[in-house]
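Participant: This is protein11.txt (compact mmCIF, C-alpha atoms).
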```
# COMPACT_ATOMS: atom_id res chain seq x y z
CA VAL A 1 0.00 0.00 0.00
CA ARG A 2 1.50 3.31 -1.05
CA ASN A 3 0.04 6.76 -0.42
CA GLY A 4 -3.10 5.17 0.97
CA LEU A 5 -3.88 3.53 -2.34
CA VAL A 6 -3.96 -0.20 -2.69
CA CYS A 7 -1.95 -1.25 -5.66
CA SER A 8 -0.64 -4.51 -6.96
CA GLN A 9 2.90 -3.15 -7.36
CA PRO A 10 5.47 -4.01 -4.69
CA ALA A 11 6.46 -1.28 -2.24
CA VAL A 12 10.02 -1.17 -3.64
CA ALA A 13 10.62 1.13 -6.61
CA PRO A 14 10.63 -1.02 -9.74
CA GLN A 15 14.12 -1.89 -10.95
CA SER A 16 14.71 -1.25 -14.58
CA THR A 17 15.79 -4.23 -16.63
CA ASN A 18 17.97 -1.89 -18.68
CA ALA A 19 21.41 -2.15 -17.09
CA LEU A 20 22.39 1.32 -18.27
CA GLU A 21 19.32 2.86 -16.62
CA ARG A 22 19.98 1.07 -13.33
CA PHE A 23 23.60 2.18 -13.30
CA ALA A 24 22.61 5.79 -14.02
CA SER A 25 20.28 6.09 -11.06
CA THR A 26 22.92 4.58 -8.79
CA ARG A 27 25.46 7.15 -10.00
CA ALA A 28 23.19 10.04 -9.08
CA ASP A 29 22.58 8.43 -5.69
CA LYS A 30 26.32 8.00 -5.19
CA GLN A 31 26.89 11.66 -5.97
CA ALA A 32 24.15 12.63 -3.54
CA ALA A 33 25.81 10.49 -0.85
CA VAL A 34 29.21 12.07 -1.51
CA ALA A 35 27.68 15.53 -1.24
CA ARG A 36 25.97 14.58 2.03
CA ASP A 37 29.29 13.35 3.45
CA PHE A 38 30.98 16.59 2.43
CA PHE A 39 28.39 18.70 4.23
CA GLU A 40 28.31 16.51 7.34
CA LYS A 41 32.10 16.57 7.61
CA ASN A 42 32.29 20.33 7.21
CA GLU A 43 29.43 21.04 9.60
CA LYS A 44 31.07 18.87 12.25
CA SER A 45 34.46 20.46 11.76
CA GLY A 46 33.25 23.88 12.92
CA ARG A 47 34.56 25.62 9.82
CA PRO A 48 32.87 28.95 9.12
CA MET A 49 30.88 29.65 5.97
CA SER A 50 32.31 32.49 3.92
CA PRO A 51 30.05 35.56 3.76
CA HIS A 52 27.76 35.88 0.74
CA LEU A 53 24.76 38.23 0.79
CA THR A 54 26.55 40.63 3.11
CA ILE A 55 29.57 41.08 0.85
CA TYR A 56 28.54 40.34 -2.73
CA SER A 57 28.20 43.49 -4.76
CA PRO A 58 24.67 44.13 -6.08
CA GLN A 59 24.57 44.02 -9.89
CA LEU A 60 21.90 44.58 -12.50
CA THR A 61 21.76 40.82 -13.14
CA SER A 62 21.00 39.82 -9.57
CA MET A 63 18.95 42.90 -8.66
CA LEU A 64 16.55 42.54 -11.59
CA SER A 65 16.27 38.82 -10.89
CA ILE A 66 15.31 39.30 -7.24
CA THR A 67 12.93 42.10 -8.22
CA HIS A 68 11.26 39.72 -10.65
CA ARG A 69 10.80 37.23 -7.81
CA GLY A 70 9.63 39.92 -5.39
CA THR A 71 7.15 41.45 -7.80
CA GLY A 72 5.85 37.98 -8.60
CA ILE A 73 5.18 37.35 -4.92
CA ALA A 74 3.66 40.83 -4.52
CA LEU A 75 1.35 40.30 -7.48
CA THR A 76 0.22 36.92 -6.15
CA CYS A 77 -0.54 38.43 -2.75
CA ALA A 78 -2.33 41.38 -4.35
CA ILE A 79 -4.49 39.23 -6.60
CA TYR A 80 -5.41 36.71 -3.91
CA GLY A 81 -5.68 39.30 -1.14
CA GLY A 82 -7.60 41.78 -3.25
CA SER A 83 -10.01 39.14 -4.50
CA ILE A 84 -10.63 37.73 -1.02
CA TYR A 85 -11.19 41.24 0.31
CA LEU A 86 -13.61 42.19 -2.43
CA MET A 87 -15.51 38.94 -2.08
CA SER A 88 -15.75 38.85 1.70
CA ALA A 89 -15.89 42.32 3.19
CA HIS A 90 -18.69 44.84 3.01
CA HIS A 91 -21.79 42.73 2.47
CA GLY A 92 -25.29 43.17 3.66
CA ALA A 93 -25.75 46.17 5.92
CA ASN A 94 -22.20 47.46 5.33
CA ALA A 95 -22.35 46.96 1.59
CA THR A 96 -19.88 49.23 -0.19
CA ASP A 97 -19.14 49.34 -3.86
CA PHE A 98 -15.86 50.38 -5.45
CA THR A 99 -17.00 53.96 -6.20
CA THR A 100 -17.93 54.59 -2.55
CA LEU A 101 -14.58 53.18 -1.44
CA VAL A 102 -12.70 55.54 -3.77
CA GLU A 103 -14.83 58.49 -2.60
CA GLY A 104 -13.97 57.57 0.98
CA ILE A 105 -10.24 57.56 0.22
CA LYS A 106 -10.55 60.92 -1.55
CA ALA A 107 -12.35 62.33 1.49
CA MET A 108 -9.37 61.44 3.69
CA GLN A 109 -7.42 64.26 1.99
CA LEU A 110 -4.14 62.38 2.08
CA PRO A 111 -0.99 64.15 0.83
CA ALA A 112 -0.52 63.52 -2.91
CA ALA A 113 2.44 61.21 -2.33
CA VAL A 114 0.45 58.59 -0.39
CA PRO A 115 -2.02 57.50 -3.09
CA PHE A 116 0.85 57.74 -5.64
CA VAL A 117 2.99 55.32 -3.66
CA ALA A 118 0.05 53.02 -3.00
CA LYS A 119 -0.86 52.92 -6.67
CA MET A 120 2.77 52.40 -7.70
CA ALA A 121 2.95 49.49 -5.25
CA VAL A 122 0.43 47.66 -7.44
CA THR A 123 1.20 49.04 -10.89
CA PHE A 124 4.99 48.83 -10.88
CA PRO A 125 5.09 45.10 -9.98
CA MET A 126 2.55 44.41 -12.71
CA MET A 127 4.52 46.30 -15.36
CA PHE A 128 7.97 45.16 -14.27
CA HIS A 129 7.02 41.51 -13.98
CA SER A 130 5.37 41.54 -17.38
CA PHE A 131 8.27 43.18 -19.21
CA ASN A 132 10.91 41.11 -17.43
CA GLY A 133 8.73 38.09 -18.17
CA VAL A 134 9.18 38.77 -21.86
CA ARG A 135 12.96 38.97 -21.25
CA HIS A 136 12.73 35.57 -19.54
CA LEU A 137 10.86 34.11 -22.50
CA ALA A 138 13.59 35.36 -24.84
CA TRP A 139 16.13 33.61 -22.58
CA ASP A 140 14.12 30.38 -22.76
CA SER A 141 14.57 30.40 -26.52
CA GLY A 142 18.31 30.99 -26.02
CA LYS A 143 18.41 34.63 -27.06
CA GLY A 144 19.99 37.65 -25.37
CA PHE A 145 22.64 36.03 -23.20
CA GLU A 146 25.65 38.13 -24.18
CA MET A 147 26.78 40.50 -21.42
CA LYS A 148 26.04 43.58 -23.49
CA LYS A 149 22.55 42.33 -24.44
CA LEU A 150 21.78 41.40 -20.82
CA TYR A 151 22.52 44.89 -19.64
CA GLN A 152 20.75 46.59 -22.56
CA THR A 153 17.56 44.55 -22.20
CA GLY A 154 17.75 44.91 -18.42
CA TRP A 155 17.81 48.70 -18.51
CA VAL A 156 15.09 48.76 -21.19
CA VAL A 157 12.82 46.59 -19.02
CA LEU A 158 13.39 48.83 -15.99
CA ALA A 159 12.77 52.00 -18.00
CA LEU A 160 9.63 50.58 -19.58
CA ALA A 161 8.32 49.43 -16.21
CA ILE A 162 8.78 52.82 -14.56
CA GLY A 163 7.73 54.67 -17.72
CA THR A 164 4.43 52.82 -18.00
CA SER A 165 3.56 52.77 -14.30
CA ALA A 166 4.49 56.25 -13.04
CA PRO A 167 2.27 58.22 -15.49
CA LEU A 168 -0.70 55.99 -14.62
CA CYS A 169 -0.31 56.60 -10.90
CA ILE A 170 -0.08 60.37 -10.72
CA MET B 1 82.41 27.76 -8.63
CA GLY B 2 84.55 27.53 -5.53
CA ARG B 3 83.42 29.06 -2.24
CA ALA B 4 86.33 31.54 -2.21
CA THR B 5 85.48 32.77 -5.70
CA HIS B 6 81.81 33.00 -4.77
CA ASN B 7 82.58 35.09 -1.72
CA MET B 8 84.79 37.40 -3.72
CA LEU B 9 82.10 37.90 -6.33
CA ARG B 10 79.57 38.69 -3.59
CA ALA B 11 81.84 41.42 -2.27
CA LEU B 12 82.26 42.86 -5.78
CA PRO B 13 79.33 45.35 -5.75
CA ALA B 14 80.55 46.96 -2.52
CA PHE B 15 84.10 47.02 -3.88
CA VAL B 16 82.92 48.69 -7.11
CA ALA B 17 80.81 51.21 -5.18
CA GLN B 18 83.79 52.09 -3.05
CA SER B 19 86.00 52.71 -6.06
CA VAL B 20 83.28 54.68 -7.85
CA ARG B 21 82.58 56.87 -4.80
CA PRO B 22 85.12 59.66 -5.65
CA PHE B 23 83.20 60.27 -8.90
CA ARG B 24 79.85 60.89 -7.17
CA THR B 25 79.26 64.61 -6.72
CA SER B 26 77.51 65.96 -3.69
CA ALA B 27 76.37 69.04 -5.62
CA PRO B 28 72.95 70.39 -4.51
CA ALA B 29 71.50 69.88 -8.00
CA PHE B 30 72.21 66.19 -7.81
CA GLU B 31 70.67 65.96 -4.32
CA ASN B 32 67.44 67.63 -5.49
CA LEU B 33 67.19 65.34 -8.46
CA LYS B 34 67.52 62.34 -6.17
CA GLU B 35 64.75 63.52 -3.82
CA SER B 36 62.22 64.34 -6.51
CA ALA B 37 62.96 61.01 -8.20
CA GLU B 38 61.80 59.23 -5.03
CA PRO B 39 57.99 58.83 -5.37
CA LYS B 40 55.63 59.66 -2.51
CA ALA B 41 54.15 56.66 -0.81
CA ASN B 42 50.67 55.77 -2.16
CA ILE B 43 49.20 53.80 0.73
CA LYS B 44 46.10 51.72 0.15
CA ASN B 45 44.43 49.66 2.85
CA PHE B 46 43.55 46.05 2.16
CA LYS B 47 40.80 44.64 4.36
CA ILE B 48 41.23 40.91 4.25
CA TYR B 49 39.04 38.14 5.72
CA ARG B 50 40.99 36.06 8.23
CA TRP B 51 40.15 32.89 10.11
CA ASP B 52 42.50 30.57 11.97
CA PRO B 53 41.29 26.97 12.36
CA GLU B 54 43.65 26.46 15.27
CA THR B 55 41.92 29.01 17.50
CA ASN B 56 38.33 29.04 18.61
CA SER B 57 37.85 32.58 17.38
CA LYS B 58 35.32 33.90 14.89
CA PRO B 59 36.35 35.07 11.43
CA ARG B 60 37.52 38.69 11.32
CA VAL B 61 38.70 41.34 8.89
CA GLN B 62 42.29 42.53 9.18
CA THR B 63 43.55 45.73 7.56
CA TYR B 64 46.96 45.84 5.87
CA PRO B 65 48.42 49.08 4.45
CA VAL B 66 50.39 48.63 1.21
CA ASP B 67 52.47 51.20 -0.67
CA LEU B 68 51.20 50.80 -4.22
CA ASN B 69 54.35 52.45 -5.58
CA LYS B 70 56.37 49.55 -4.29
CA CYS B 71 53.92 46.87 -5.35
CA GLY B 72 53.00 45.11 -8.60
CA PRO B 73 49.75 46.13 -10.30
CA MET B 74 47.62 43.08 -9.45
CA VAL B 75 45.82 42.15 -6.23
CA LEU B 76 47.89 38.97 -6.09
CA ASP B 77 51.06 41.10 -6.01
CA ALA B 78 49.66 42.93 -2.99
CA LEU B 79 48.71 39.69 -1.23
CA ILE B 80 52.20 38.25 -1.77
CA LYS B 81 53.78 41.50 -0.62
CA ILE B 82 51.67 41.45 2.57
CA LYS B 83 52.59 37.84 3.18
CA ASN B 84 56.29 38.54 2.61
CA GLU B 85 56.63 41.76 4.55
CA GLN B 86 53.81 42.08 7.06
CA ASP B 87 52.06 38.84 7.99
CA THR B 88 53.40 35.46 6.94
CA THR B 89 50.31 33.74 8.35
CA LEU B 90 48.07 35.16 5.59
CA THR B 91 46.98 32.10 3.63
CA PHE B 92 45.71 31.94 0.05
CA ARG B 93 45.98 29.73 -3.01
CA ARG B 94 48.02 30.83 -6.02
CA SER B 95 50.09 29.28 -8.79
CA CYS B 96 50.43 30.58 -12.35
CA ARG B 97 49.99 34.34 -11.69
CA GLU B 98 48.67 34.70 -15.22
CA GLY B 99 44.97 33.83 -15.02
CA ILE B 100 45.10 30.29 -16.36
CA CYS B 101 45.23 27.99 -13.33
CA GLY B 102 42.24 29.32 -11.38
CA SER B 103 43.87 28.93 -7.94
CA CYS B 104 43.62 32.56 -6.78
CA ALA B 105 39.85 32.90 -7.25
CA MET B 106 38.40 35.10 -4.50
CA ASN B 107 35.87 37.83 -3.85
CA ILE B 108 37.50 41.22 -4.44
CA ASP B 109 35.48 44.39 -3.78
CA GLY B 110 32.25 42.40 -3.93
CA THR B 111 32.87 40.46 -7.15
CA ASN B 112 34.41 37.05 -7.72
CA THR B 113 37.52 37.16 -9.86
CA LEU B 114 41.13 35.98 -10.12
CA ALA B 115 43.49 37.97 -7.90
CA CYS B 116 46.27 37.73 -10.48
CA LEU B 117 44.12 39.38 -13.17
CA CYS B 118 42.52 42.05 -10.97
CA PHE B 119 44.19 45.46 -11.21
CA ILE B 120 44.45 47.41 -7.96
CA PRO B 121 42.68 50.79 -8.37
CA LYS B 122 45.14 53.59 -7.59
CA ASP B 123 42.71 55.51 -5.35
CA ALA B 124 42.74 55.46 -1.56
CA THR B 125 39.48 53.55 -0.89
CA PRO B 126 40.19 50.35 1.05
CA MET B 127 40.08 47.15 -0.97
CA LYS B 128 37.95 44.37 0.48
CA ILE B 129 39.17 40.83 -0.08
CA TYR B 130 36.99 37.90 0.94
CA PRO B 131 37.01 34.22 0.07
CA LEU B 132 34.61 32.80 -2.54
CA PRO B 133 31.10 33.26 -1.11
CA HIS B 134 29.14 30.55 0.72
CA MET B 135 31.98 28.04 0.92
CA TYR B 136 33.34 26.26 3.98
CA ILE B 137 36.64 27.91 4.84
CA ILE B 138 39.73 25.85 5.62
CA LYS B 139 41.80 28.90 6.53
CA ASP B 140 41.81 32.63 5.66
CA LEU B 141 41.03 32.84 1.92
CA VAL B 142 41.16 29.08 1.24
CA PRO B 143 37.76 27.38 0.67
CA ASP B 144 37.01 23.64 0.66
CA MET B 145 36.56 22.87 -3.04
CA ASN B 146 35.86 19.15 -2.76
CA ASN B 147 32.11 19.37 -3.34
CA PHE B 148 32.79 21.42 -6.48
CA TYR B 149 35.25 18.81 -7.78
CA ASP B 150 32.88 15.92 -7.00
CA GLN B 151 30.13 17.65 -8.95
CA HIS B 152 32.53 18.05 -11.88
CA LYS B 153 33.35 14.35 -11.73
CA TYR B 154 29.65 13.54 -11.80
CA VAL B 155 29.13 14.97 -15.31
CA GLN B 156 31.90 12.66 -16.65
CA PRO B 157 34.04 15.36 -18.28
CA TRP B 158 35.73 13.13 -20.87
CA LEU B 159 35.04 12.00 -24.41
CA GLN B 160 32.77 8.97 -24.59
CA ASN B 161 32.93 7.27 -27.97
CA ASN B 162 33.10 3.50 -28.15
CA GLU B 163 32.22 3.18 -31.82
CA PRO B 164 34.79 1.16 -33.71
CA ALA B 165 36.94 3.51 -35.77
CA GLU B 166 39.65 2.73 -38.28
CA ALA B 167 40.92 6.28 -38.58
CA GLU B 168 40.87 9.58 -36.64
CA LEU B 169 37.55 10.98 -35.51
CA LEU B 170 37.19 13.92 -37.85
CA GLN B 171 35.42 17.09 -36.81
CA THR B 172 34.34 19.90 -39.10
CA LYS B 173 35.42 23.48 -38.42
CA ASP B 174 31.80 24.38 -37.66
CA ASP B 175 31.50 21.62 -35.10
CA ARG B 176 34.80 22.68 -33.54
CA LYS B 177 33.54 26.25 -33.35
CA LYS B 178 30.69 25.07 -31.13
CA LEU B 179 33.26 24.29 -28.43
CA ASP B 180 34.65 27.84 -28.39
CA GLY B 181 33.68 29.52 -25.16
CA LEU B 182 33.24 26.14 -23.47
CA TYR B 183 36.64 24.45 -23.44
CA GLU B 184 38.49 27.48 -22.05
CA CYS B 185 36.97 27.10 -18.57
CA ILE B 186 39.69 26.90 -15.92
CA LEU B 187 37.36 25.65 -13.16
CA CYS B 188 38.15 28.56 -10.88
CA ALA B 189 34.60 28.38 -9.40
CA CYS B 190 34.08 32.16 -9.60
CA CYS B 191 30.77 31.66 -11.41
CA SER B 192 29.31 28.91 -9.24
CA THR B 193 30.12 30.80 -6.07
CA SER B 194 28.55 33.97 -7.46
CA CYS B 195 25.22 32.22 -8.02
CA PRO B 196 22.68 32.76 -5.19
CA SER B 197 20.94 29.58 -6.29
CA TYR B 198 24.19 27.66 -5.79
CA TRP B 199 24.59 29.32 -2.38
CA TRP B 200 21.29 27.93 -1.20
CA ASN B 201 21.53 24.51 -2.93
CA SER B 202 25.22 23.64 -3.41
CA ASP B 203 24.50 20.09 -2.30
CA LYS B 204 22.10 19.30 -5.14
CA TYR B 205 22.41 22.03 -7.79
CA LEU B 206 25.49 21.47 -9.94
CA GLY B 207 26.24 25.15 -10.51
CA PRO B 208 27.24 27.10 -13.64
CA ALA B 209 30.87 25.91 -13.88
CA VAL B 210 30.00 22.22 -13.86
CA LEU B 211 27.01 22.74 -16.16
CA LEU B 212 29.20 24.65 -18.62
CA GLN B 213 31.50 21.64 -18.70
CA ALA B 214 28.54 19.28 -19.02
CA TYR B 215 27.42 21.26 -22.05
CA ARG B 216 30.99 21.23 -23.45
CA TRP B 217 30.68 17.46 -23.76
CA ILE B 218 27.03 17.47 -24.83
CA ALA B 219 27.92 19.86 -27.67
CA ASP B 220 31.00 17.92 -28.81
CA SER B 221 30.23 16.22 -32.13
CA ARG B 222 32.74 13.45 -31.39
CA ASP B 223 30.99 12.43 -28.16
CA LYS B 224 28.37 9.70 -28.49
CA ALA B 225 26.89 9.71 -24.98
CA LYS B 226 24.69 12.80 -25.36
CA THR B 227 21.44 11.10 -24.35
CA GLN B 228 23.03 9.54 -21.28
CA ARG B 229 24.61 12.89 -20.30
CA LEU B 230 21.24 14.62 -20.54
CA GLN B 231 19.53 11.86 -18.58
CA ASP B 232 22.12 12.25 -15.82
CA LEU B 233 20.90 15.83 -15.42
CA GLN B 234 17.25 14.83 -15.25
CA ASP B 235 15.90 15.88 -11.86
CA ASP B 236 14.52 18.98 -10.14
CA PHE B 237 17.83 20.24 -8.83
CA LYS B 238 20.85 19.47 -10.99
CA VAL B 239 20.00 21.90 -13.79
CA TYR B 240 16.65 23.39 -12.90
CA ARG B 241 17.73 25.39 -9.86
CA CYS B 242 19.11 27.81 -12.45
CA HIS B 243 16.73 30.78 -12.55
CA THR B 244 18.81 32.82 -15.03
CA ILE B 245 20.06 35.17 -12.36
CA MET B 246 23.14 35.62 -14.63
CA ASN B 247 25.66 36.58 -11.95
CA CYS B 248 27.81 33.83 -13.45
CA THR B 249 28.38 35.42 -16.85
CA LYS B 250 28.90 38.81 -15.22
CA THR B 251 31.70 37.52 -13.00
CA CYS B 252 33.60 35.04 -15.21
CA PRO B 253 37.24 36.22 -15.31
CA LYS B 254 37.77 34.37 -18.61
CA HIS B 255 34.74 36.07 -20.20
CA LEU B 256 32.85 32.84 -20.76
CA ASN B 257 29.06 32.50 -20.69
CA PRO B 258 27.84 29.75 -18.36
CA GLY B 259 24.31 31.17 -18.31
CA LYS B 260 24.00 30.68 -22.06
CA ALA B 261 25.38 27.15 -21.83
CA ILE B 262 22.76 26.27 -19.20
CA ALA B 263 20.03 27.71 -21.42
CA GLU B 264 21.27 25.48 -24.25
CA ILE B 265 21.21 22.47 -21.89
CA LYS B 266 17.62 23.29 -20.95
CA LYS B 267 16.71 23.40 -24.64
CA GLU B 268 18.39 20.02 -25.23
CA MET B 269 16.59 18.55 -22.21
CA LEU B 270 13.28 19.14 -23.95
CA ASN B 271 14.21 16.45 -26.45
CA VAL B 272 15.22 13.78 -23.93
```
Just give me the structure of the file as structure tokens.
Facilitator:
Amino acid sequence: VRNGLVCSQPAVAPQSTNALERFASTRADKQAAVARDFFEKNEKSGRPMSPHLTIYSPQLTSMLSITHRGTGIALTCAIYGGSIYLMSAHHGANATDFTTLVEGIKAMQLPAAVPFVAKMAVTFPMMFHSFNGVRHLAWDSGKGFEMKKLYQTGWVVLALAIGTSAPLCI
Amino acid sequence: MGRATHNMLRALPAFVAQSVRPFRTSAPAFENLKESAEPKANIKNFKIYRWDPETNSKPRVQTYPVDLNKCGPMVLDALIKIKNEQDTTLTFRRSCREGICGSCAMNIDGTNTLACLCFIPKDATPMKIYPLPHMYIIKDLVPDMNNFYDQHKYVQPWLQNNEPAEAELLQTKDDRKKLDGLYECILCACCSTSCPSYWWNSDKYLGPAVLLQAYRWIADSRDKAKTQRLQDLQDDFKVYRCHTIMNCTKTCPKHLNPGKAIAEIKKEMLNV
């Protein structure tokens, strides 16, 4: 019985009859075991780990990559969070529609910077992630890997993202 | 030569200087020339990561001042000068001093490169020298490279061709061109240790250097084990922890492109 399902297969992973295939999986396992030994030995020895995030110089390559990840997470949270909020809150007696909400925010008379920043917080991730996504798709087809191209496309993506989000948020 | 002759020859410079002395003027003009010819000291501080395995202490950063006017142009020259003149306990790997062996790979001013190829900027800002990032440190700037070498061994970096052949295995110029930018890797590990993905997963992700070499053999027209090589890479971690961060290509001191090689591997994997 595996995973709660009754099956006629034995509990052991089926061994391939192809000798080459069997040898290959053993080689990967051997490498995994060697790696495990390396890490166990070093952890036990008390050797320090050399610094990484604290000393590595930020570069366009890594900064755009982490921004892509961050904006992806932000967009996921915004879409799920926003949807849950709109679906759950303000029903029945407290029913509010989007127009009333916006009027309420306008009535708060916040300094101009606050709604700008709040709007940018949603628009910039959307724009940046989309444009950088196109850059990623180009990479998947093998294009644009030369250092010069990486930097050119990187700056273009950043400029496009800011250029398309800032005017919409003023 | 005999010891007596050797000793006489050693005394020769002093003897010559003595006999030449009457001809040296002590005129003021000559004195001024001598002073202005002596360059002012251009001191630069080198902040170097230190750790001694024989003490229980934590790693620290030690500052060494070096007169750049009395030092060679490369960071390795400065390290050797510090070791010779200031602190013989400073430990680092080095060999060829010409950027071909890969021993002196370290993190200099935030980027991984070879110390023997890295020019020292002439300004006064301190230069920060750290070991390759996220590696277990044996001592000072010397990391434990064994995991890296085991990963290299795993991709079987040799030609595999057991087909019976009566003559040489010919290769067209176009096929040979495909290996340019792949065979020149010196396995310095600058790229792998610049990859954040390799930092977090160095036990299972092979890293850009090893994957570049894997692709070097996958792309070789004389090699007949392409399918097996690609199958060896078939799991969630060995290749697919690469998220095209591209720190690798940025940092390669030999100007190679591991990121592109990994992208080509990913394309080949679609057909396995």
Participant: Report, in Å to a single decimal, how far apart atom CA of A:Lys41 and atom CA of B:Gln156 are.
Facilitator: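 Computed distance, atom CA of B:Gln156 to atom CA of A:Lys41, equals 24.6 Å.
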Participant: Which of these residues is nearest to chain A, using only C-alpha atoms: B:Pro253, B:Pro196, B:Pro121, B:Gly181?
Facilitator: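 When distances to chain A are compared using only C-alpha atoms, the smallest one comes from B:Pro196.
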Participant: For stretch 140-152 of chain A, work out the shell of residues within 8 Å, counting all atoms listed in the file and skipping chain neighbours fewer than 6 positions away, then give it as a list in words.
Facilitator: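 Residues meeting the cut-off are Leu60 and Thr61 of chain A; Thr249, Lys250, Asn257, Gly259, Lys260, Ala263, Glu264 and Lys267 of chain B.
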Participant: Distance limit 6 Å, atoms considered: all atoms listed in the file. Which chain B residues sit that close to chain A? Return them as a ChimeraX atom specification.
Facilitator: /B:110,133-137,203,245-247,260,263
Participant: Just to confirm, what's the straight-line distance from atom CA of B:Cys191 to atom CA of B:Thr113 in Å (one decimal)?
Facilitator: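 Going from atom CA of B:Cys191 over to atom CA of B:Thr113, I get 8.8 Å.
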Participant: Of the candidates A:Val134, A:Met87, A:Met120, A:Cys77, which shows the shortest atom-to-atom distance to A:Gly163, using all atoms listed in the file?
Facilitator: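 With all atoms listed in the file as the atom set, the closest residue is A:Met120.
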Participant: So which one's closest to B:Val239, B:Thr251, B:Asn271, B:Asn147, B:Ser202? Using all atoms listed in the file, please.
Facilitator: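 Among B:Thr251, B:Asn271, B:Asn147, B:Ser202, it is B:Ser202 that comes nearest to B:Val239.
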Participant: Could you list, as a ChimeraX atom specification, every residue within 6 Å of B:Asp223, counting all atoms listed in the file and ignoring same-chain residues fewer than 4 positions away?
Facilitator: /B:159-161
Participant: The selected residues should be written to file as a tab-separated table (two decimals), in the frame of the given file (atoms: C-alpha atoms).
Facilitator:
```tsv
chain	number	residue	atom	x	y	z
B	159	LEU	CA	35.04	12.00	-24.41
B	160	GLN	CA	32.77	8.97	-24.59
B	161	ASN	CA	32.93	7.27	-27.97
```
Participant: Go through B:Leu68, B:Val210, B:Val61, B:Leu76 and flag the residue nearest B:Asn42, using all atoms listed in the file for the distances.
Facilitator: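 Comparing B:Leu68, B:Val210, B:Val61, B:Leu76 against B:Asn42, the winner is B:Leu68.
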Participant: I want to know what sits within 10 Å of A:Met127, based on only C-alpha atoms, with residues of the same chain fewer than 2 positions away left out; could you give that as an NGL selection string?
Facilitator: :A and (71 or 120 or 122-125 or 129-133 or 157-158 or 160-165)
Participant: Atom CA of B:Ser194 to atom CA of B:Cys252: how many Å, to one decimal?
Facilitator: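 It comes out at 9.3 Å.
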Participant: For B:Ser192, which residue out of B:Asn162, B:Phe119, B:Ala105, B:Asp232 is the nearest one, using all atoms listed in the file?
Facilitator: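 Of B:Asn162, B:Phe119, B:Ala105, B:Asp232, the one nearest B:Ser192 is B:Ala105, counting all atoms listed in the file.
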Participant: Nearest residue to B:Trp158 out of B:Met269, B:Leu114, B:Cys96, B:Ala214, using all atoms listed in the file?
Facilitator: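 When distances to B:Trp158 are compared using all atoms listed in the file, the smallest one comes from B:Ala214.
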Participant: Fewer than 5 positions away in the same chain doesn't count, so skip those; otherwise give me all residues within 12 Å of B:Lys139, counting only C-alpha atoms, as a VMD selection string.
Facilitator: (chain A and resid 46 to 50) or (chain B and resid 49 to 55 58 to 60 89 to 93 130 to 131 144)
Participant: Using all atoms listed in the file, which residues sit within 8 Å of B:Val66 once same-chain residues fewer than 2 positions away are excluded, as number ranges by chain?
Facilitator: B: 42-46, 64, 68, 71, 78, 82
Participant: Hey, can I get the axis-aligned box for stretch 127-144 of chain A? All listed atoms, 8 Å padding on each side, centre and edge lengths in Å to one decimal, as JSON.
Facilitator:
```
{"center_x": 12.3, "center_y": 38.3, "center_z": -20.5, "size_x": 31.5, "size_y": 31.9, "size_z": 29.1}
```
